[in-house]
Amino acid sequence: RYADPDDGITRYDATFALDGRSLVADDGAPYESPRWFADNTHLLLSRRVPLRDGSLRPDLYIWSAMNGTLRRVTRGSSLRDADPSPDGTWAAAVRCAQGWCDLVRVDLGSGEVRVLRHGTVSRNYYRPRVSRTTGEIVVAEQSSDRWRIARVSPETGELRYADPDDGITRYDATFALDGRSLVATSEAGGVANLVRIDTTGTVTARLGATTGAAVAADPAPDGSIWFLSLHSKGYDLRRIVPDSTALALAVPTASVFADSLSPVLPPTRRRIAADSAVRPERDLAPRDQPYGTGPSRVRYLPASTTGFGGTTTQLAIVRSDPVGRLGIALIGSVGSASLPAGGALTVARRTSRNELTASGWLSHEAPSRELAAALDAGLDLRRLGGALRMQRTRVNDGSELTGALALLAEWQAPTLFRSTRRGAALLAVNTTLRQRDDEVRYQEQLAVLAEAGRTDAGQYLRQRAALRFGTASGPRALTMATVAFGTIGGGGGRKREQFVVGGFDSPLIDAMYDARRVAAPAYPLGSATGSTFASYRLALPLPPFDLFYDGVSTDYFRSPLRSYGAELRERIPAVAALGTPEVDVLTGIARAVDEPVKARWRYYVTLAIRP
């Protein structure tokens, strides 16, 4: 069918326009390793996509540069460096999933993967390329400590070496414009440069000379060769036209640059075919031993909490191992009795995808020293309790879902009331969605907590939910808006478990186990109580702080507690290899807008340490 109007005008030399289309990852890793199909309108790409356990594996995608459609080809296949066949029905790739890399053939219609050459501990494959003329595969093969170039049949996997067996390392091979001879990187002479290899396996020419390294060559339709050139600041993209200059013959092995009078250039090293360098013999591999809980790494971390009620000083003793299988944190807190003081022990076991955590705490606080109403609300109390929790996180492309189930038991002794026992079952679900277009990022988060508990006074049911939305352009921090709501009902136990507003989360007790508290750092604990609460928060980033305005109420905003200020919230994840724990940091300065501390400025700092 004709593509131009029948208006009598002669038109020719037509080609497809890409209309400035671009492909941007919605979230997470970018699309990489693009390779054109023979139609010059589709690209084969790879992208590291999270599995359900959060680990990343690269998969293949096909993108149309004409209409922008994107199709995922494989799932969880761990494929890299894919190159499509001339007819576009299959691709050659390497699969690196067990500590080594296999050479595989991928059906681009079904996503089926077939192994052509199995890798081993001492044999790997890298960067396959498919000839547009013959359909043959050329790939770099690593055996022991040397790389060679091999030609592989895409049907049978039969292999024959394409370079001479002279002990020189060669890799990054690709087919030249004729589809039969090769262009590859050779380390003859000690510097990586491009060479041409003919169909008989003879190195016929060295294509230029660099003092850094010339790698990742690829021929263009006009016969020029594009490659990456290494220098002190990284890689430059360069192009050479072989026909425009005299091609230097490949330097024989014996012609390595050497100068016995120079202290800079090394002496000539004799190479042998069986090995690319003279190395000492390797020791026998040690016998495998069970990991168990791994070698212990103990860290001592000081911390502090300050704000309404004075200051407390904390010391944490944290045990970890190189992979974080068993984490233990013992925390002690002393200082002002108006803030939580006491001790806590947390043990986290991560031997499967389900993380198991056991926690225990002994705490005492007296917020009535700052606000007398806290005494009448029963907030001056001693607490002794423990909890067991099972948690699992599922990560997908652009989303994350965490679920936690916990059981707790606690003894509470308020100053003005009789002591009571509290038991509860809790279910928490937290889901996060992330999107990205050319310039703007978006994030939505929904957190829900349900608690069914009982005290000596009776049963209660609690629910809390928070919805957060954030957006930002480029790499800037997110501008966030948050709304939250909670209710408590049931029997007589709800009176002892009403929501209380003020202060911040205890550094000794996980916020999940103390869900009656509604954080409001500009106000002292006990500034408001009720069987419901509603809150909002707007945060504008001004790195490293956020400028915020928020409000919370237990009577549907008839008597709100509003504040504004600057705040730094930072979650520093645990690094098991270093033995450092997870730390949640909250610090800021805020001004209260309403009573009971209207127009007062307050600062606050707290650190929560988790194994």
# chains A, B, ... in the order shown; residues from 1 in each chain; ligands from 1
call {"tool": "residues_around", "arguments": {"residues": "region 484-498 of chain A", "least_positions_apart": "6", "cutoff": "7 Å", "atoms": "only C-alpha atoms", "output": "count of residues only"}}
result
22
call {"tool": "residues_around", "arguments": {"residues": "region 116-130 of chain A", "least_positions_apart": "3", "cutoff": "6 Å", "atoms": "only C-alpha atoms", "output": "PyMOL selection string"}}
result
chain A and resi 81+83+85+100-104+135-144+157+174
call {"tool": "write_last_selection", "arguments": {"atoms": "N, CA, C and O atoms", "output": "short mmCIF file (atom, residue, chain, number, x, y, z; two decimals), in the first residue's frame"}}
result
data_model
loop_
_atom_site.label_atom_id
_atom_site.label_comp_id
_atom_site.auth_asym_id
_atom_site.auth_seq_id
_atom_site.Cartn_x
_atom_site.Cartn_y
_atom_site.Cartn_z
N ASP A 81 23.07 -9.38 27.85
CA ASP A 81 23.78 -9.23 26.58
C ASP A 81 23.09 -9.95 25.43
O ASP A 81 23.74 -10.63 24.62
N ASP A 83 21.28 -10.65 21.86
CA ASP A 83 21.41 -10.13 20.50
C ASP A 83 20.43 -10.90 19.61
O ASP A 83 20.44 -12.13 19.60
N SER A 85 18.39 -12.57 16.34
CA SER A 85 18.75 -13.24 15.09
C SER A 85 18.31 -12.40 13.90
O SER A 85 17.52 -11.45 14.05
N TRP A 100 27.89 -18.73 37.58
CA TRP A 100 28.58 -18.78 36.30
C TRP A 100 27.56 -18.46 35.20
O TRP A 100 26.36 -18.36 35.46
N CYS A 101 28.04 -18.31 33.97
CA CYS A 101 27.19 -17.86 32.87
C CYS A 101 27.13 -18.90 31.77
O CYS A 101 28.18 -19.32 31.25
N ASP A 102 25.90 -19.31 31.40
CA ASP A 102 25.66 -20.21 30.28
C ASP A 102 25.40 -19.40 29.02
O ASP A 102 24.90 -18.28 29.08
N LEU A 103 25.67 -20.00 27.87
CA LEU A 103 25.25 -19.44 26.59
C LEU A 103 23.91 -20.06 26.24
O LEU A 103 23.78 -21.30 26.20
N VAL A 104 22.90 -19.24 25.98
CA VAL A 104 21.54 -19.74 25.76
C VAL A 104 20.95 -19.15 24.49
O VAL A 104 21.42 -18.13 23.97
N GLY A 135 23.74 -16.29 10.63
CA GLY A 135 23.01 -16.70 11.81
C GLY A 135 23.88 -17.38 12.85
O GLY A 135 23.38 -17.78 13.92
N GLU A 136 25.19 -17.49 12.61
CA GLU A 136 26.11 -18.10 13.56
C GLU A 136 26.32 -17.17 14.76
O GLU A 136 26.20 -15.95 14.65
N ILE A 137 26.66 -17.76 15.92
CA ILE A 137 26.89 -17.00 17.14
C ILE A 137 28.38 -16.92 17.40
O ILE A 137 29.10 -17.93 17.29
N VAL A 138 28.87 -15.73 17.74
CA VAL A 138 30.23 -15.58 18.22
C VAL A 138 30.15 -15.11 19.68
O VAL A 138 29.32 -14.27 20.03
N VAL A 139 30.99 -15.69 20.54
CA VAL A 139 30.90 -15.42 21.96
C VAL A 139 32.29 -15.51 22.57
O VAL A 139 33.18 -16.20 22.04
N ALA A 140 32.53 -14.80 23.66
CA ALA A 140 33.78 -14.91 24.40
C ALA A 140 33.63 -16.00 25.45
O ALA A 140 32.65 -16.02 26.20
N GLU A 141 34.61 -16.90 25.50
CA GLU A 141 34.60 -17.99 26.47
C GLU A 141 35.79 -17.83 27.41
O GLU A 141 36.93 -17.69 26.97
N GLN A 142 35.51 -17.88 28.70
CA GLN A 142 36.55 -17.81 29.71
C GLN A 142 36.82 -19.21 30.24
O GLN A 142 35.93 -19.89 30.73
N SER A 143 38.07 -19.64 30.11
CA SER A 143 38.49 -20.92 30.65
C SER A 143 39.72 -20.68 31.51
O SER A 143 40.73 -20.17 31.01
N SER A 144 39.61 -21.04 32.79
CA SER A 144 40.66 -20.72 33.77
C SER A 144 40.85 -19.21 33.79
O SER A 144 39.90 -18.49 34.07
N GLY A 157 24.75 -26.05 19.22
CA GLY A 157 25.65 -25.61 20.26
C GLY A 157 27.08 -26.04 20.04
O GLY A 157 27.94 -25.84 20.93
N THR A 174 32.61 -9.31 17.79
CA THR A 174 31.39 -9.07 17.03
C THR A 174 31.70 -9.29 15.56
O THR A 174 32.86 -9.26 15.14
#
call {"tool": "closest_residue", "arguments": {"among": "A:Thr210, A:Ser131, A:Ser46, A:Gln289", "to": "Leu182 (chain A)", "atoms": "only C-alpha atoms"}}
result
A:Ser131
call {"tool": "select_by_dssp", "arguments": {"residues": "region 31-135 of chain A", "states": "strand (DSSP E or B)", "output": "number ranges by chain"}}
result
A: 31-36, 42-50, 56-64, 70-72, 79-84, 90-96, 101-107, 113-117, 120, 123-130
call {"tool": "residues_around", "arguments": {"residues": "Leu607 (chain A)", "least_positions_apart": "5", "cutoff": "9 Å", "atoms": "only C-alpha atoms", "output": "list in words"}}
result
Ala303, Ser304, Thr305, Pro507, Val583, Asp584, Val585, Leu586 and Thr587 of chain A
call {"tool": "write_last_selection", "arguments": {"atoms": "all heavy atoms", "output": "JSON list (two decimals), in the first residue's frame"}}
result
[["chain", "number", "residue", "atom", "x", "y", "z"],
["A", 303, "ALA", "N", 23.27, 6.61, 71.57],
["A", 303, "ALA", "CA", 22.18, 7.38, 70.97],
["A", 303, "ALA", "C", 21.58, 8.27, 72.04],
["A", 303, "ALA", "O", 21.93, 8.17, 73.23],
["A", 303, "ALA", "CB", 21.12, 6.46, 70.37],
["A", 304, "SER", "N", 20.65, 9.12, 71.62],
["A", 304, "SER", "CA", 20.02, 10.05, 72.55],
["A", 304, "SER", "C", 18.63, 10.40, 72.07],
["A", 304, "SER", "O", 18.36, 10.39, 70.86],
["A", 304, "SER", "CB", 20.86, 11.32, 72.70],
["A", 304, "SER", "OG", 20.27, 12.22, 73.61],
["A", 305, "THR", "N", 17.76, 10.68, 73.01],
["A", 305, "THR", "CA", 16.42, 11.18, 72.71],
["A", 305, "THR", "C", 16.20, 12.44, 73.53],
["A", 305, "THR", "O", 16.43, 12.45, 74.74],
["A", 305, "THR", "CB", 15.34, 10.14, 73.07],
["A", 305, "THR", "OG1", 15.53, 8.96, 72.28],
["A", 305, "THR", "CG2", 13.95, 10.68, 72.82],
["A", 507, "PRO", "N", 11.66, 5.01, 71.63],
["A", 507, "PRO", "CA", 12.81, 4.32, 71.05],
["A", 507, "PRO", "C", 12.97, 2.88, 71.56],
["A", 507, "PRO", "O", 13.78, 2.12, 71.02],
["A", 507, "PRO", "CB", 14.00, 5.19, 71.48],
["A", 507, "PRO", "CG", 13.54, 5.84, 72.74],
["A", 507, "PRO", "CD", 12.07, 6.07, 72.58],
["A", 583, "VAL", "N", 18.63, 2.05, 61.54],
["A", 583, "VAL", "CA", 18.44, 3.20, 62.43],
["A", 583, "VAL", "C", 17.41, 4.13, 61.80],
["A", 583, "VAL", "O", 17.55, 4.53, 60.64],
["A", 583, "VAL", "CB", 19.76, 3.97, 62.67],
["A", 583, "VAL", "CG1", 19.52, 5.16, 63.58],
["A", 583, "VAL", "CG2", 20.81, 3.05, 63.26],
["A", 584, "ASP", "N", 16.38, 4.46, 62.55],
["A", 584, "ASP", "CA", 15.38, 5.45, 62.15],
["A", 584, "ASP", "C", 15.67, 6.74, 62.91],
["A", 584, "ASP", "O", 15.63, 6.77, 64.14],
["A", 584, "ASP", "CB", 13.96, 4.98, 62.45],
["A", 584, "ASP", "CG", 13.55, 3.82, 61.55],
["A", 584, "ASP", "OD1", 13.95, 3.83, 60.37],
["A", 584, "ASP", "OD2", 12.84, 2.92, 62.02],
["A", 585, "VAL", "N", 15.95, 7.81, 62.15],
["A", 585, "VAL", "CA", 16.33, 9.09, 62.74],
["A", 585, "VAL", "C", 15.19, 10.08, 62.55],
["A", 585, "VAL", "O", 14.63, 10.20, 61.46],
["A", 585, "VAL", "CB", 17.61, 9.64, 62.08],
["A", 585, "VAL", "CG1", 17.99, 10.98, 62.70],
["A", 585, "VAL", "CG2", 18.75, 8.64, 62.20],
["A", 586, "LEU", "N", 14.84, 10.77, 63.61],
["A", 586, "LEU", "CA", 13.85, 11.85, 63.55],
["A", 586, "LEU", "C", 14.40, 13.03, 64.32],
["A", 586, "LEU", "O", 14.69, 12.92, 65.52],
["A", 586, "LEU", "CB", 12.51, 11.41, 64.14],
["A", 586, "LEU", "CG", 11.46, 12.51, 64.32],
["A", 586, "LEU", "CD1", 11.05, 13.09, 62.97],
["A", 586, "LEU", "CD2", 10.23, 11.99, 65.07],
["A", 587, "THR", "N", 14.55, 14.15, 63.66],
["A", 587, "THR", "CA", 15.00, 15.38, 64.32],
["A", 587, "THR", "C", 14.34, 16.56, 63.65],
["A", 587, "THR", "O", 14.05, 16.53, 62.45],
["A", 587, "THR", "CB", 16.54, 15.51, 64.26],
["A", 587, "THR", "OG1", 16.93, 16.70, 64.93],
["A", 587, "THR", "CG2", 17.01, 15.59, 62.82]]
call {"tool": "residues_around", "arguments": {"residues": "region 397-406 of chain A", "least_positions_apart": "5", "cutoff": "8 Å", "atoms": "only C-alpha atoms", "output": "JSON, numbers by chain"}}
result
{"A": [26, 27, 28, 49, 50, 387, 388, 389, 390, 391, 392, 425, 426, 427, 428, 429, 430, 431, 432, 433, 434, 435]}
call {"tool": "write_last_selection", "arguments": {"atoms": "C-alpha atoms", "output": "PDB file, in the first residue's frame"}}
result
ATOM      1  CA  ASP A  26       8.493   3.416  35.376  1.00  0.00           C
ATOM      2  CA  ASP A  27      10.490   2.571  38.482  1.00  0.00           C
ATOM      3  CA  GLY A  28      13.724   0.967  39.535  1.00  0.00           C
ATOM      4  CA  VAL A  49      13.473  -6.654  37.559  1.00  0.00           C
ATOM      5  CA  PRO A  50      12.805  -7.633  41.200  1.00  0.00           C
ATOM      6  CA  ALA A 387       5.927  -9.707  71.260  1.00  0.00           C
ATOM      7  CA  LEU A 388       6.475 -12.213  68.460  1.00  0.00           C
ATOM      8  CA  ARG A 389       6.198 -11.103  64.839  1.00  0.00           C
ATOM      9  CA  MET A 390       6.395 -12.768  61.430  1.00  0.00           C
ATOM     10  CA  GLN A 391       6.959 -10.444  58.483  1.00  0.00           C
ATOM     11  CA  ARG A 392       7.324 -10.951  54.743  1.00  0.00           C
ATOM     12  CA  ALA A 425      -3.094  -9.882  67.899  1.00  0.00           C
ATOM     13  CA  LEU A 426      -2.016  -7.449  65.185  1.00  0.00           C
ATOM     14  CA  LEU A 427      -2.041  -7.491  61.406  1.00  0.00           C
ATOM     15  CA  ALA A 428      -0.204  -4.804  59.421  1.00  0.00           C
ATOM     16  CA  VAL A 429      -0.123  -4.366  55.645  1.00  0.00           C
ATOM     17  CA  ASN A 430       1.961  -1.749  53.867  1.00  0.00           C
ATOM     18  CA  THR A 431       1.944  -1.347  50.085  1.00  0.00           C
ATOM     19  CA  THR A 432       3.932   1.117  47.966  1.00  0.00           C
ATOM     20  CA  LEU A 433       3.505   1.937  44.274  1.00  0.00           C
ATOM     21  CA  ARG A 434       6.016   3.920  42.218  1.00  0.00           C
ATOM     22  CA  GLN A 435       5.805   5.385  38.714  1.00  0.00           C
TER      23      GLN A 435
END
call {"tool": "residues_around", "arguments": {"residues": "Leu578 (chain A)", "least_positions_apart": "5", "cutoff": "9 Å", "atoms": "only C-alpha atoms", "output": "short mmCIF file (atom, residue, chain, number, x, y, z; two decimals) with C-alpha atoms, in the first residue's frame"}}
result
data_model
loop_
_atom_site.label_atom_id
_atom_site.label_comp_id
_atom_site.auth_asym_id
_atom_site.auth_seq_id
_atom_site.Cartn_x
_atom_site.Cartn_y
_atom_site.Cartn_z
CA ARG A 297 30.03 -9.04 64.69
CA SER A 320 25.05 -9.34 63.48
CA ASP A 321 26.74 -11.63 60.95
CA PRO A 322 27.96 -11.04 57.36
#
call {"tool": "decode", "arguments": {"residues": "region 423-567 of chain A", "atoms": "C-alpha atoms", "output": "tab-separated table (two decimals), in the first residue's frame"}}
result
chain	number	residue	atom	x	y	z
A	423	GLY	CA	-2.85	-9.11	75.11
A	424	ALA	CA	-3.37	-8.47	71.41
A	425	ALA	CA	-3.09	-9.88	67.90
A	426	LEU	CA	-2.02	-7.45	65.19
A	427	LEU	CA	-2.04	-7.49	61.41
A	428	ALA	CA	-0.20	-4.80	59.42
A	429	VAL	CA	-0.12	-4.37	55.64
A	430	ASN	CA	1.96	-1.75	53.87
A	431	THR	CA	1.94	-1.35	50.08
A	432	THR	CA	3.93	1.12	47.97
A	433	LEU	CA	3.50	1.94	44.27
A	434	ARG	CA	6.02	3.92	42.22
A	435	GLN	CA	5.81	5.38	38.71
A	436	ARG	CA	8.04	7.55	36.55
A	437	ASP	CA	7.72	9.35	33.23
A	438	ASP	CA	10.28	11.43	31.35
A	439	GLU	CA	10.73	14.04	34.09
A	440	VAL	CA	8.40	13.31	37.02
A	441	ARG	CA	8.27	10.57	39.66
A	442	TYR	CA	5.20	9.53	41.65
A	443	GLN	CA	4.76	7.41	44.75
A	444	GLU	CA	1.66	6.16	46.58
A	445	GLN	CA	1.72	4.35	49.90
A	446	LEU	CA	-1.08	2.77	51.92
A	447	ALA	CA	-0.46	1.46	55.44
A	448	VAL	CA	-3.20	-0.38	57.38
A	449	LEU	CA	-3.05	-1.77	60.93
A	450	ALA	CA	-5.73	-3.92	62.59
A	451	GLU	CA	-5.50	-4.89	66.27
A	452	ALA	CA	-7.76	-7.13	68.33
A	453	GLY	CA	-6.89	-7.04	72.03
A	454	ARG	CA	-8.05	-7.52	75.56
A	455	THR	CA	-7.28	-5.87	78.90
A	456	ASP	CA	-8.60	-6.65	82.36
A	457	ALA	CA	-11.41	-4.20	81.62
A	458	GLY	CA	-12.58	-5.97	78.47
A	459	GLN	CA	-11.98	-6.35	74.75
A	460	TYR	CA	-11.19	-3.73	72.13
A	461	LEU	CA	-10.76	-3.48	68.35
A	462	ARG	CA	-8.45	-0.91	66.77
A	463	GLN	CA	-7.76	0.10	63.19
A	464	ARG	CA	-5.39	2.66	61.75
A	465	ALA	CA	-4.81	3.63	58.13
A	466	ALA	CA	-2.54	6.15	56.44
A	467	LEU	CA	-2.38	7.18	52.79
A	468	ARG	CA	0.64	9.03	51.40
A	469	PHE	CA	1.18	10.57	47.99
A	470	GLY	CA	4.45	12.03	46.73
A	471	THR	CA	5.77	13.55	43.54
A	472	ALA	CA	9.03	15.09	42.37
A	473	SER	CA	10.85	15.98	39.18
A	474	GLY	CA	14.18	14.42	38.28
A	475	PRO	CA	16.28	13.25	41.22
A	476	ARG	CA	14.76	15.70	43.72
A	477	ALA	CA	13.23	14.56	46.99
A	478	LEU	CA	9.51	13.85	46.99
A	479	THR	CA	6.92	16.44	48.00
A	480	MET	CA	4.62	14.41	50.24
A	481	ALA	CA	0.99	14.68	51.35
A	482	THR	CA	-0.30	12.33	54.07
A	483	VAL	CA	-3.74	11.70	55.56
A	484	ALA	CA	-4.42	9.23	58.38
A	485	PHE	CA	-7.43	8.01	60.34
A	486	GLY	CA	-8.01	5.61	63.21
A	487	THR	CA	-10.80	4.29	65.42
A	488	ILE	CA	-11.13	2.07	68.46
A	489	GLY	CA	-14.24	0.23	69.59
A	490	GLY	CA	-15.39	-2.90	71.35
A	491	GLY	CA	-15.94	-3.46	75.06
A	492	GLY	CA	-14.63	-1.76	78.16
A	493	GLY	CA	-11.03	-2.30	77.15
A	494	ARG	CA	-11.21	0.55	74.69
A	495	LYS	CA	-11.14	3.13	77.52
A	496	ARG	CA	-7.66	2.01	78.54
A	497	GLU	CA	-6.51	1.94	74.90
A	498	GLN	CA	-7.82	5.27	73.60
A	499	PHE	CA	-5.64	7.21	71.19
A	500	VAL	CA	-3.30	9.74	72.79
A	501	VAL	CA	-1.75	12.59	70.80
A	502	GLY	CA	1.68	14.10	71.31
A	503	GLY	CA	5.37	13.38	71.43
A	504	PHE	CA	7.00	10.79	69.20
A	505	ASP	CA	7.37	7.02	69.09
A	506	SER	CA	9.25	5.36	71.93
A	507	PRO	CA	12.81	4.32	71.05
A	508	LEU	CA	12.32	1.17	73.17
A	509	ILE	CA	8.99	-0.13	71.83
A	510	ASP	CA	8.18	-0.73	68.17
A	511	ALA	CA	5.42	1.62	66.99
A	512	MET	CA	3.37	-1.38	65.81
A	513	TYR	CA	3.05	-2.57	69.43
A	514	ASP	CA	2.11	0.88	70.75
A	515	ALA	CA	-0.54	1.86	68.19
A	516	ARG	CA	-2.51	4.05	70.62
A	517	ARG	CA	0.11	6.78	70.26
A	518	VAL	CA	-0.39	9.40	67.54
A	519	ALA	CA	2.89	11.24	66.99
A	520	ALA	CA	2.85	15.06	67.19
A	521	PRO	CA	6.36	16.17	68.20
A	522	ALA	CA	5.38	19.85	68.69
A	523	TYR	CA	2.98	18.86	71.50
A	524	PRO	CA	3.56	16.99	74.77
A	525	LEU	CA	2.17	13.49	75.12
A	526	GLY	CA	-1.47	13.58	76.27
A	527	SER	CA	-2.39	16.87	74.56
A	528	ALA	CA	-5.54	15.12	73.27
A	529	THR	CA	-7.23	11.75	73.78
A	530	GLY	CA	-10.16	10.07	72.10
A	531	SER	CA	-11.61	6.96	70.51
A	532	THR	CA	-10.88	8.30	67.02
A	533	PHE	CA	-8.21	10.44	65.41
A	534	ALA	CA	-7.64	12.09	62.05
A	535	SER	CA	-4.49	13.80	60.79
A	536	TYR	CA	-2.92	15.39	57.74
A	537	ARG	CA	0.58	16.46	56.80
A	538	LEU	CA	2.14	18.40	53.92
A	539	ALA	CA	5.93	18.24	53.49
A	540	LEU	CA	7.98	20.28	51.04
A	541	PRO	CA	11.60	19.10	50.65
A	542	LEU	CA	14.41	21.54	51.29
A	543	PRO	CA	17.31	19.07	51.47
A	544	PRO	CA	18.31	17.73	53.85
A	545	PHE	CA	15.15	18.88	55.71
A	546	ASP	CA	11.44	18.93	54.99
A	547	LEU	CA	9.35	22.02	55.62
A	548	PHE	CA	6.03	20.76	56.96
A	549	TYR	CA	2.59	21.81	58.10
A	550	ASP	CA	0.42	19.25	59.88
A	551	GLY	CA	-2.61	18.84	62.04
A	552	VAL	CA	-4.22	16.14	64.17
A	553	SER	CA	-7.51	15.91	66.04
A	554	THR	CA	-9.53	13.45	68.11
A	555	ASP	CA	-12.85	15.29	67.56
A	556	TYR	CA	-12.98	15.70	63.76
A	557	PHE	CA	-11.00	18.95	63.85
A	558	ARG	CA	-13.27	20.90	66.13
A	559	SER	CA	-10.18	21.30	68.34
A	560	PRO	CA	-7.19	20.62	66.09
A	561	LEU	CA	-3.56	20.50	67.12
A	562	ARG	CA	-1.62	22.16	64.29
A	563	SER	CA	2.08	22.83	63.90
A	564	TYR	CA	4.71	23.76	61.34
A	565	GLY	CA	8.49	23.63	61.17
A	566	ALA	CA	11.44	21.82	59.62
A	567	GLU	CA	12.17	18.15	60.09
